[in-house]
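Okay, so here's the structure we're looking at.
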Amino acid sequence: MTDFDYDLFVIGAGSGGVRASRIAASHGARVAVAEEFRVGGTCVIRGCVPKKLLVYASHFAHSLHDAPTYGWTLQGQSFDWAALRDFVASDVDRLERAYTSTLDSNKVEHFHERATVAGPNSVRLASGREITARHILIAVGAWPVMPEFEGVEHCITSNEVFHLPELPRRVVIQGAGYIALEFAGVFNALGSAVTVVNRSDKILRGYDHDLTDRLLPILQARGIEFGFNRPIRKVEEAADGSLLVHAGEGEPIPADVVLVATGRRPKTAGLGLENAGIELGANGEIPVNEYNATTCPSIHAVGDVTDRVQLTPVAIREGHAFADTVFGNAPRTVAYDHIPSAVFTQPPIAAVGLTEHEARAQYPEVKVFKSDFRPMQNMFSATAERGYYKLVVDGASDRVLGIHMLGPDAPEILQAAAIAVKAGLTKAQFDETVALHPSMAEELVLMR
Ligand code: NDP
């Protein structure tokens with residue numbers, strides 16, 4: 001069919017790259033993929049999946065705490081970080097094998113080495129081999145941003161956090177976004193003393209303020225310390241290997257581990273994009289159009305490297321749409337509205353659609369419905385944490401524009417509710433739905 005070695009060469013075997021490879025191959029393309037680290041990418045290897053397992057592990061702390069109230073007698077329970085860490089690592093191995101076998105069963109050739117762009121239709125492998133392809137897809141993802149301060153080399157990122165030799169006694173976390181607060185919850189529940197320091201006084205920027213304003217005191221009540229307006233200036237290492245964190249104006253904070261979670265930047269450094277005339281955006285991202293096409297007609301990009309929405313399901317959709325468009329004769333774009341998202345804090349928050357603030361900026365009449373409730377499962381808990389759900393509704397059409405939830409299992413509930421928001425259902429249609437009792441989710445149809 002062509003003079004090229006492959007119809008498609010994918011750089012990066014993460015969520016977007018693997019999906020694009022598989023779908024392109026199913027459309028008949030001859031596909032190869034290069035991956036310099038491990039097949040599966042950030043989500044599978046050192047992101048969503050191992051993180052969620054740690055979150056599950058830490059839930060046991062709360063369950064064990066509440067168990068005696070429900071009649072259980074507990075004796076001699078203890079926690080073994082190494083056992084958890086190794087179990088998580090073995091599950092990551094299993095998933096990597098599953099992803100690799102997906103490539104194999106779709107006859108996608110894979111190279112376990114770094115590849116860079118050598119020209120519009122050629123890539124160069126680290127071993128020196130040059131390979132040609134009719135199309136190239138860049139799906140190399142993003143990488144943690146390391147701020148510049150003295151002693152930053154003593155800090156770790158989410159890349160290393162899964163491999164700690166032991167559970168740290170004291171953890172300082174820089175940032176108050178997704179990664180910072182999810183790991184703050186994990187370490188706090190597992191027994192570490194956790195201090196979150198952030199440059200501003202905001203947590204989880206982008207989420208509805210009603211949610212974050214309620215989440216913060218809950219996290220504090222669980223024992224997580226927060227230091228706001230405290231950017232790290234310096235981290236010192238003592239002779240015994242312990243660390244001292246100088247952040248903002250306050251007293252230095254002693255730590256055994258300092259986790260930096262200050263955002264992730266497209267991993268385009270040294271990728272050779274200039275060889276195809278592609279100019280990077282301000283954050284190092286590859287600019288693409290709605291069909292994931294770069295300014296070079298033979299090169300596309302999907303996922304975090306394009307810095308649109310840094311979420312796995314979005315990268316998967318972009319990879320799929322790319323493959324259908326270029327190899328399936330079925331041009332497709334991805335809709336970026338109504339993307340549900342969640343932060344696996346303890347308790348978690350989840351949201352879809354417009355925040356109240358965003359809705360008021362776009363619609364002349366906005367109605368807001370709120371439910372501030374005590375989840376039944378917390379009734380016997382010493383913490384007395386409350387849940388909070390909020391519906392943002394267009395007053396003119398009655399359409400639900402956004403749902404924002406804080407409380408146990410919020411992400412599980414929100415995924416189903418997001419279908420209703422995506423479908424454009426009205427508040428009246430929510431109200432017509434009979435409640436499922438007793439549940440937390442019933443609050444969604446009981447707000448008046
Ligand atoms: P976030 O963008 O969520 O948060 C970054 C945090 O770091 C903010 O609190 C920000 O402060 C602070 N910050 C940013 N730049 C600096 C700097 N130069 N110096 C000091 N502080 C800084 O990034 P994360 O690293 O937590 O996560 C990266 C991405 O990964 C997320 O955006 C998300 O897309 C994805 N992710 C998704 C998850 C999920 O879906 N559950 C889980 C984990 C990651 P401020 O806001 O005050 O400016």
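A note on labels: chains of the structure tokens are A, B, ... as shown, every chain counts residues from 1, and ligands are counted from 1 in their shown order.
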*asked:* Using only C-alpha atoms, which protein or nucleic acid residues come within 12 Å of A:Ala180? Drop anything in the same chain fewer than 4 positions from it, and give the result as a VMD selection string.
replied: chain A and resid 51 144 156 to 158 161 171 to 176 184 to 188 194 to 198 203 to 204 224 226 258 to 263 343 to 345
Which residues of stretch 43-109 of chain A come within 10 Å of stretch 309-316 of chain A, and what is each one's closest atom pair and distance in Å (one decimal), counting only C-alpha atoms, sorted by chain and residue number, as JSON lines?
```
{"residue": "A:Cys43", "atom": "CA", "partner": "A:Thr312", "partner_atom": "CA", "distance": 6.7}
{"residue": "A:Val44", "atom": "CA", "partner": "A:Thr312", "partner_atom": "CA", "distance": 9.6}
{"residue": "A:Gly47", "atom": "CA", "partner": "A:Thr312", "partner_atom": "CA", "distance": 9.8}
{"residue": "A:Cys48", "atom": "CA", "partner": "A:Thr312", "partner_atom": "CA", "distance": 8.4}
```
Just write the chosen residues, C-alpha atoms, as a compact mmCIF listing (two decimals), in the first residue's frame.
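Saved as part_19.txt:
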```
# COMPACT_ATOMS: atom_id res chain seq x y z
CA CYS A 43 -2.53 6.08 34.50
CA VAL A 44 -1.75 2.40 34.71
CA GLY A 47 -1.16 7.22 38.33
CA CYS A 48 -4.87 6.49 38.57
```
*Running DSSP on the backbone, which parts of stretch 60-148 of chain A land in strand (DSSP E or B), as a ChimeraX atom specification?*
/A:109-111,115-119,122-125,130-138,142-144
*Based on DSSP run over this structure's backbone, return all residues of stretch 155-357 of chain A in alpha helix (DSSP H), as an NGL selection string.*
:A and (178-190 or 209-221 or 312-327 or 356-357)
*What separation in Å, quoted to one decimal, exists between atom CA of A:Asp104 and atom CA of A:Val92?*
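Distance reported for this atom pair: 18.3 Å.
Shortest atom-to-atom contact with A:Leu181 among A:Val39, A:Leu273, A:Val88, A:Ala342: A:Ala342, counting only C-alpha atoms.
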_as number ranges by chain, please: the residues near A:Ile23 (cut-off 12 Å, only C-alpha atoms, same-chain neighbours under 6 positions excluded)._
A: 8, 16-17, 29-31, 102-103, 105-108, 316-328
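For the choices A:Ser78, A:Thr355, A:Asn329, A:Asn159, the atom-to-atom distance to ligand 1 is smallest for A:Asn159 when using only C-alpha atoms and all ligand atoms.
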*asked:* Just the number, please: distance in Å from atom CA of A:Gly303 to atom 9 (O, counted along the ligand's line) of ligand 1, one decimal.
replied: 21.6 Å
*asked:* Here is a test: counting only C-alpha atoms, which residue of A:Ala255, A:Leu190, A:Val245, A:Val10 is nearest to A:Thr116?
replied: A:Val10
Using only C-alpha atoms, determine which residues lie at most 12 Å from A:Glu153, disregarding the query and same-chain residues fewer than 4 positions distant; provide the list as an mmCIF file with C-alpha atoms, in the first residue's frame.
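As a result, out01.cif now contains:
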```
data_model
loop_
_atom_site.group_PDB
_atom_site.id
_atom_site.type_symbol
_atom_site.label_atom_id
_atom_site.label_comp_id
_atom_site.auth_asym_id
_atom_site.auth_seq_id
_atom_site.Cartn_x
_atom_site.Cartn_y
_atom_site.Cartn_z
ATOM 1 C CA MET A 146 9.448 20.548 39.592
ATOM 2 C CA PRO A 147 9.457 24.084 40.986
ATOM 3 C CA GLU A 148 12.829 25.711 41.476
ATOM 4 C CA PHE A 149 13.981 25.960 45.073
ATOM 5 C CA THR A 157 6.970 13.336 42.831
ATOM 6 C CA LYS A 234 14.204 25.539 50.677
ATOM 7 C CA VAL A 235 14.449 21.913 51.735
ATOM 8 C CA GLU A 236 17.418 20.933 53.890
ATOM 9 C CA GLU A 237 18.608 17.413 54.510
ATOM 10 C CA LEU A 243 14.309 16.835 55.933
ATOM 11 C CA VAL A 257 9.290 12.634 52.657
ATOM 12 C CA VAL A 258 8.499 15.794 50.680
ATOM 13 C CA LEU A 259 6.104 15.147 47.809
ATOM 14 C CA VAL A 260 5.912 17.836 45.132
#
```
*asked:* Please compute the atom CA of A:Arg214-atom CA of A:Pro254 distance, one decimal, in Å.
replied: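 Value for the atom CA of A:Arg214-atom CA of A:Pro254 distance: 28.1 Å.
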*Mind checking which residues fall within 6 Å of stretch 403-412 of chain A, counting only C-alpha atoms, ignoring those fewer than 5 positions away in the same chain, and posting them as a PyMOL selection string?*
chain A and resi 342+347-352+387-391
